[in-house]
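Asker: After the structure tokens below, expect a handful of questions from me.
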Amino acid sequence: MKKIFRKIQSLFPGFRAKLLAAFFLCVFLPLCIMEVSLYRVTYRIASEKIMNSVILSDDQLNVQINNRLQQTENTADSIQYNIYTLFSAQDDPDRYRSVFNEVRNSIYLYKTTFGFYHIYSFLPDTQLGAFEGLYFLSLKDFSMFDLSETQLKTPGTSSIWSYQKDIRLPFVLSDKETGSDVITCCRLLKNQTTKEPEYAYAILLNPGKFSDLLSETFQDDRITSYLISEDGTIMAHTSRELCGSVLSEEKRSLLLNRTESIFTQDRMHYHTIQLDNGWYHITEVPDSYISANTLELLRTMITAIAIILILIVIMIFLFTGNLSRRIKRLSDAMENFRIGNDSDVQIQETAPLLPEDKEPELYDEIDKLGLAFTNMQTTLRENMESILELSLSEEKLKYQLLQSQINPHFLYNILGTIKTCQSIGRLDIAGQMITDLTQFYRLSLRKSGDRILIRDELEIARLYLNMEKLCHNETLSWEIHAEDGIENFLICRFTLQPFLENCILHGYSRTTPTIHIIVDVIYGDDDVIITICDNGIGIESEQLEELKNTLKNKTVDYEKHFGIGNVNKRISSPSFGNGTVEIDSIPGKGTQITITFAQMEE
């Protein structure tokens, strides 16, 4: 996130550019938010209006469809009465023929008057007229309608609505070889005693008529309207080629198993109404249709925003020119203000920062800032040298304080060791240690300054190790290796002794009765690298982590790790090589200290 913010800042380096960007964002973002909000509100209103219009159109269409369906049901009732009359006259052949002709004429009249595709009546083979072939067929021919067992169990007074494919029509009506797709309204009458079929009849409707009715209502092809039965069969569709197809179970469940009639799913708006015969009228309105109706408003809003932004940018350029020039003049003056290597303050002429034709009481904030900067330069010129001198003195005093603290710490430990030797009667060892201590301090005090040669620091380390060896007999040994010429570089005084003291003091244990220390001084790229390794007991992980935190934070604790913290604090100073101290240890195997600092010469 910070990188992105910096990248954005780099695109507007100047004050005027930032000012333009700020004004632009302050106007553009609210306008965009307003546009999005307005578009959402407009879209919602358009969606409501379009869906209300769809509902109104559906209601009008449903009235027509229900009227047609009810007309079919009424015709079926009339045909049932006619067939019943025909069966009542079967005992009298003459009367039966007369009634048969009347029924046939009635069926023809129903067909032509109400515009049905065709009407079939199915009579038993023994019945006169069962093989008439135009309006009357054998009861066996009822199997041409592919009806399920569930549908065939429907009572005779209830209609069976279904979509039938490739139904053969009489030659006088259709000469097609493959037959026609039809919507059928069938009724099957059964004997109450034997439950065997007595007669049946079917009214055939053209599904294309329903499809045309749907298409005329919704002329935009993006709006889809169709009729489906309860099993998901499409009875009529605005796209005729989909008539007779079956919806997937998922979509059928989506459409039929909902309590609300209007709902939205997957960016599609649905309106579902159940018709009188059990069919469902579904209308689908996609989001794209609603969006297209709000596109003109969106274009208008974008054009208005573009015009407003252009006017705002022009106004900002006109009104911010003088302001940005004054701020740039002040910025240039501050940028040219430098502190030289000789501690002299170099000051750019700042008279142009103060307007000549303006009274002081009329100064604005930028004028006052220029005046304050001018006064600051004068004050800074007078005080900078003393501040720099005090800073250097403070840094030097801090270093001398840290160095003076290490000497008493070391001396206290050595005197304690001498006292212990005297207490146990090892006067010879105590005397030799006093002699070595005298030589140690003679060498240390002879070298003046805060930094000494690595050669002298290694000699001090050897004297210290000699003193420690007197106390530990043959259990202490060491090696010191230095690459050629590296001893002529400088190092902070008393850098090695605290680490060597820790190797000896904390290295001995039952498992490590002897200690061997190796000191290597080698070249780095532009650094000097000193490693101190021992084979002592090592440092436990918890204590090692504590030591690493001490080194990382450059703290000096007078109660814990004083020597290491003191050396780390001194050697990390910029005046003494910007050094670092690292400690690695494996319990039971030993410890390694790595000291790295810049190559410094006298």
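Labels for the structure tokens follow display order: chains A, B, ..., residues from 1 in each chain, ligands from 1.
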Compile the contact shell of A:Lys419 as a PyMOL selection string: residues with an atom at most 12 Å away, counting only C-alpha atoms, same-chain residues fewer than 6 positions apart removed.

Answerer: chain A and resi 412-413+425-427+429-431+433-434+471

Asker: Which polymer residues have any atom within 8 Å of an atom of A:Lys569, counting only C-alpha atoms, with same-chain residues fewer than 5 positions away left out, as a VMD selection string?

Answerer: chain A and resid 554 to 556

Asker: Got time to write the residues from that selection, all heavy atoms, as an mmCIF file, in the first residue's frame?

Answerer:
```cif
data_model
loop_
_atom_site.group_PDB
_atom_site.id
_atom_site.type_symbol
_atom_site.label_atom_id
_atom_site.label_comp_id
_atom_site.auth_asym_id
_atom_site.auth_seq_id
_atom_site.Cartn_x
_atom_site.Cartn_y
_atom_site.Cartn_z
ATOM 1 N N LYS A 554 20.904 -2.140 21.187
ATOM 2 C CA LYS A 554 22.059 -1.327 21.612
ATOM 3 C C LYS A 554 21.871 -0.769 23.025
ATOM 4 O O LYS A 554 22.105 0.404 23.300
ATOM 5 C CB LYS A 554 22.286 -0.184 20.620
ATOM 6 C CG LYS A 554 22.621 -0.632 19.201
ATOM 7 C CD LYS A 554 22.893 0.566 18.297
ATOM 8 C CE LYS A 554 23.271 0.131 16.887
ATOM 9 N NZ LYS A 554 22.254 -0.632 16.211
ATOM 10 N N THR A 555 21.404 -1.639 23.932
ATOM 11 C CA THR A 555 21.207 -1.230 25.320
ATOM 12 C C THR A 555 22.400 -1.657 26.163
ATOM 13 O O THR A 555 23.098 -2.638 25.850
ATOM 14 C CB THR A 555 19.930 -1.872 25.881
ATOM 15 O OG1 THR A 555 20.018 -3.296 25.754
ATOM 16 C CG2 THR A 555 18.709 -1.383 25.131
ATOM 17 N N VAL A 556 22.619 -0.923 27.246
ATOM 18 C CA VAL A 556 23.697 -1.244 28.203
ATOM 19 C C VAL A 556 23.051 -1.426 29.566
ATOM 20 O O VAL A 556 22.568 -0.468 30.170
ATOM 21 C CB VAL A 556 24.761 -0.128 28.242
ATOM 22 C CG1 VAL A 556 25.852 -0.491 29.248
ATOM 23 C CG2 VAL A 556 25.364 0.090 26.862
#
```

Asker: From the DSSP assignment of the backbone, select every residue of stretch 175-298 of chain A that is helix (DSSP H, G or I), and format the answer as JSON, numbers by chain.

Answerer: {"A": [207, 208, 209, 210, 211, 212, 213, 214, 215, 216, 217, 240, 241, 242, 249, 250, 251, 252, 253, 254, 255, 256, 287, 288, 289, 290, 291, 292, 293, 294, 295, 296, 297, 298]}

Asker: Quick one: pull the distance between atom CA of A:Asn502 and atom CA of A:His481, Å, one decimal.

Answerer: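 Separation between atom CA of A:Asn502 and atom CA of A:His481: 19.8 Å.
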
Asker: Extract, using only C-alpha atoms, all DNA, RNA and protein residues at most 12 Å from A:Thr300, discarding same-chain residues fewer than 6 positions from it, and format them as a PyMOL selection string.

Answerer: chain A and resi 35+38-39+294+306-307

Asker: Please dump the current selection as a PDB file, in the first residue's frame; keep all heavy atoms.

Answerer:
```pdb
ATOM      1  N   GLU A  35     -23.191  10.039  -9.379  1.00  0.00           N
ATOM      2  CA  GLU A  35     -23.626   9.403 -10.611  1.00  0.00           C
ATOM      3  C   GLU A  35     -24.015   7.947 -10.364  1.00  0.00           C
ATOM      4  O   GLU A  35     -25.061   7.487 -10.849  1.00  0.00           O
ATOM      5  CB  GLU A  35     -22.516   9.459 -11.652  1.00  0.00           C
ATOM      6  CG  GLU A  35     -22.891   8.779 -12.959  1.00  0.00           C
ATOM      7  CD  GLU A  35     -21.738   8.731 -13.939  1.00  0.00           C
ATOM      8  OE1 GLU A  35     -20.669   9.263 -13.611  1.00  0.00           O
ATOM      9  OE2 GLU A  35     -21.916   8.148 -15.008  1.00  0.00           O
ATOM     10  N   LEU A  38     -27.234   7.952  -8.458  1.00  0.00           N
ATOM     11  CA  LEU A  38     -28.338   8.340  -9.341  1.00  0.00           C
ATOM     12  C   LEU A  38     -28.669   7.225 -10.328  1.00  0.00           C
ATOM     13  O   LEU A  38     -29.840   6.940 -10.601  1.00  0.00           O
ATOM     14  CB  LEU A  38     -27.976   9.623 -10.097  1.00  0.00           C
ATOM     15  CG  LEU A  38     -29.051  10.198 -11.034  1.00  0.00           C
ATOM     16  CD1 LEU A  38     -30.315  10.522 -10.256  1.00  0.00           C
ATOM     17  CD2 LEU A  38     -28.523  11.436 -11.748  1.00  0.00           C
ATOM     18  N   TYR A  39     -27.615   6.587 -10.841  1.00  0.00           N
ATOM     19  CA  TYR A  39     -27.853   5.492 -11.790  1.00  0.00           C
ATOM     20  C   TYR A  39     -28.563   4.332 -11.111  1.00  0.00           C
ATOM     21  O   TYR A  39     -29.470   3.724 -11.703  1.00  0.00           O
ATOM     22  CB  TYR A  39     -26.526   5.023 -12.388  1.00  0.00           C
ATOM     23  CG  TYR A  39     -26.697   3.874 -13.364  1.00  0.00           C
ATOM     24  CD1 TYR A  39     -27.189   4.083 -14.645  1.00  0.00           C
ATOM     25  CD2 TYR A  39     -26.381   2.574 -12.979  1.00  0.00           C
ATOM     26  CE1 TYR A  39     -27.364   3.042 -15.534  1.00  0.00           C
ATOM     27  CE2 TYR A  39     -26.555   1.513 -13.862  1.00  0.00           C
ATOM     28  CZ  TYR A  39     -27.036   1.753 -15.137  1.00  0.00           C
ATOM     29  OH  TYR A  39     -27.205   0.716 -15.994  1.00  0.00           O
ATOM     30  N   THR A 294     -31.876   2.651 -19.486  1.00  0.00           N
ATOM     31  CA  THR A 294     -31.248   3.710 -18.672  1.00  0.00           C
ATOM     32  C   THR A 294     -29.941   4.191 -19.293  1.00  0.00           C
ATOM     33  O   THR A 294     -29.267   5.043 -18.722  1.00  0.00           O
ATOM     34  CB  THR A 294     -30.960   3.170 -17.262  1.00  0.00           C
ATOM     35  OG1 THR A 294     -30.118   2.018 -17.354  1.00  0.00           O
ATOM     36  CG2 THR A 294     -32.244   2.791 -16.558  1.00  0.00           C
ATOM     37  N   ALA A 306     -18.136  15.326 -17.495  1.00  0.00           N
ATOM     38  CA  ALA A 306     -16.964  15.718 -18.279  1.00  0.00           C
ATOM     39  C   ALA A 306     -16.908  17.234 -18.446  1.00  0.00           C
ATOM     40  O   ALA A 306     -15.847  17.853 -18.297  1.00  0.00           O
ATOM     41  CB  ALA A 306     -16.999  15.022 -19.639  1.00  0.00           C
ATOM     42  N   ILE A 307     -18.048  17.849 -18.734  1.00  0.00           N
ATOM     43  CA  ILE A 307     -18.086  19.308 -18.909  1.00  0.00           C
ATOM     44  C   ILE A 307     -17.743  20.004 -17.596  1.00  0.00           C
ATOM     45  O   ILE A 307     -16.960  20.972 -17.569  1.00  0.00           O
ATOM     46  CB  ILE A 307     -19.466  19.739 -19.427  1.00  0.00           C
ATOM     47  CG1 ILE A 307     -19.712  19.180 -20.834  1.00  0.00           C
ATOM     48  CG2 ILE A 307     -19.593  21.262 -19.421  1.00  0.00           C
ATOM     49  CD1 ILE A 307     -21.101  19.425 -21.369  1.00  0.00           C
TER      50      ILE A 307
END
```

Asker: Would you mind telling me which residue in A:Arg168, A:Lys589, A:Arg258, A:Arg97 lies nearest to A:Tyr117 when using only C-alpha atoms?

Answerer: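 For A:Tyr117, the nearest of the given residues is A:Arg168.
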
Asker: Write down as a list in words the residues belonging to stretch 45-125 of chain A that are assigned strand (DSSP E or B) by DSSP computed on the backbone.

Answerer: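 Across stretch 45-125 of chain A, those assigned strand (DSSP E or B) are His118, Ile119, Tyr120, Ser121, Phe122 and Leu123 of chain A.
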
Asker: Do you know which residues are at most 7 Å from A:Trp478 counting only C-alpha atoms, after dropping those on the same chain fewer than 4 positions away, and could you put them as a PyMOL selection string?

Answerer: chain A and resi 516-518

Asker: Go ahead and write the residues just picked, C-alpha atoms, as a PDB file, in the first residue's frame.

Answerer:
```pdb
ATOM      1  CA  HIS A 516      40.091 -23.547  23.688  1.00  0.00           C
ATOM      2  CA  ILE A 517      39.602 -20.065  22.190  1.00  0.00           C
ATOM      3  CA  ILE A 518      40.353 -19.122  18.571  1.00  0.00           C
TER       4      ILE A 518
END
```

Asker: Using atom CA of A:Gln164 and atom CA of A:Ile223 as the two end points, give the distance in Å to one decimal.

Answerer: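 Result for atom CA of A:Gln164 versus atom CA of A:Ile223: 26.2 Å, one decimal.
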
Asker: By how many Å are atom CA of A:Phe116 and atom CA of A:Tyr163 apart?

Answerer: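 Those two atoms sit 14.9 Å apart.
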
Asker: Need to verify the contact set: A:Thr238, 6 Å, only C-alpha atoms, exclusion of same-chain residues closer than 6 positions in sequence. Can you return it as a ChimeraX atom specification?

Answerer: /A:211,214-215,225

Asker: Nearest residue to A:Asp77 out of A:Ala202, A:Leu123, A:Leu56, A:Ile310, using only C-alpha atoms?

Answerer: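 Nearest candidate to A:Asp77 out of A:Ala202, A:Leu123, A:Leu56, A:Ile310: A:Ala202.
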
Asker: Show me, as a list in words, the residues that have an atom within 12 Å of A:Asp484 when counting only C-alpha atoms, minus same-chain residues fewer than 2 positions from it.

Answerer: Ile454, Arg455, His481, Ala482, Ile486, Glu487, Asn488, Phe489, Asp520, Val521, Ile522 and Tyr523 of chain A

Asker: For N, CA, C and O atoms, I'd like the residues from the last selection saved as a compact mmCIF listing (two decimals), in the first residue's frame.

Answerer:
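What landed in out.txt:
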```txt
# COMPACT_ATOMS: atom_id res chain seq x y z
N ILE A 454 44.85 -2.46 15.89
CA ILE A 454 44.42 -3.84 16.15
C ILE A 454 45.58 -4.63 16.75
O ILE A 454 45.38 -5.50 17.61
N ARG A 455 46.81 -4.28 16.35
CA ARG A 455 48.00 -4.97 16.90
C ARG A 455 48.04 -4.82 18.41
O ARG A 455 48.26 -5.80 19.15
N HIS A 481 44.97 -15.47 15.20
CA HIS A 481 45.42 -15.38 13.81
C HIS A 481 44.97 -14.06 13.23
O HIS A 481 43.82 -13.66 13.41
N ALA A 482 45.87 -13.38 12.52
CA ALA A 482 45.54 -12.10 11.87
C ALA A 482 46.16 -12.09 10.48
O ALA A 482 47.33 -12.48 10.31
N ILE A 486 46.53 -6.32 8.41
CA ILE A 486 45.26 -5.93 9.01
C ILE A 486 45.45 -5.33 10.40
O ILE A 486 44.59 -4.61 10.90
N GLU A 487 46.62 -5.63 11.03
CA GLU A 487 46.86 -5.13 12.39
C GLU A 487 47.09 -3.63 12.42
O GLU A 487 47.09 -3.02 13.50
N ASN A 488 47.28 -3.01 11.27
CA ASN A 488 47.54 -1.57 11.23
C ASN A 488 46.25 -0.74 11.19
O ASN A 488 46.32 0.48 11.26
N PHE A 489 45.09 -1.41 11.07
CA PHE A 489 43.83 -0.68 11.15
C PHE A 489 43.50 -0.40 12.61
O PHE A 489 44.06 -1.02 13.53
N ASP A 520 40.24 -14.96 15.15
CA ASP A 520 40.65 -14.73 13.75
C ASP A 520 40.32 -13.29 13.38
O ASP A 520 39.20 -12.82 13.63
N VAL A 521 41.29 -12.61 12.75
CA VAL A 521 41.09 -11.23 12.27
C VAL A 521 41.33 -11.26 10.76
O VAL A 521 42.46 -11.53 10.32
N ILE A 522 40.27 -11.02 9.97
CA ILE A 522 40.38 -11.13 8.51
C ILE A 522 39.77 -9.90 7.85
O ILE A 522 39.07 -9.12 8.47
N TYR A 523 40.07 -9.79 6.55
CA TYR A 523 39.52 -8.70 5.75
C TYR A 523 38.10 -9.04 5.28
O TYR A 523 37.81 -10.17 4.90
```
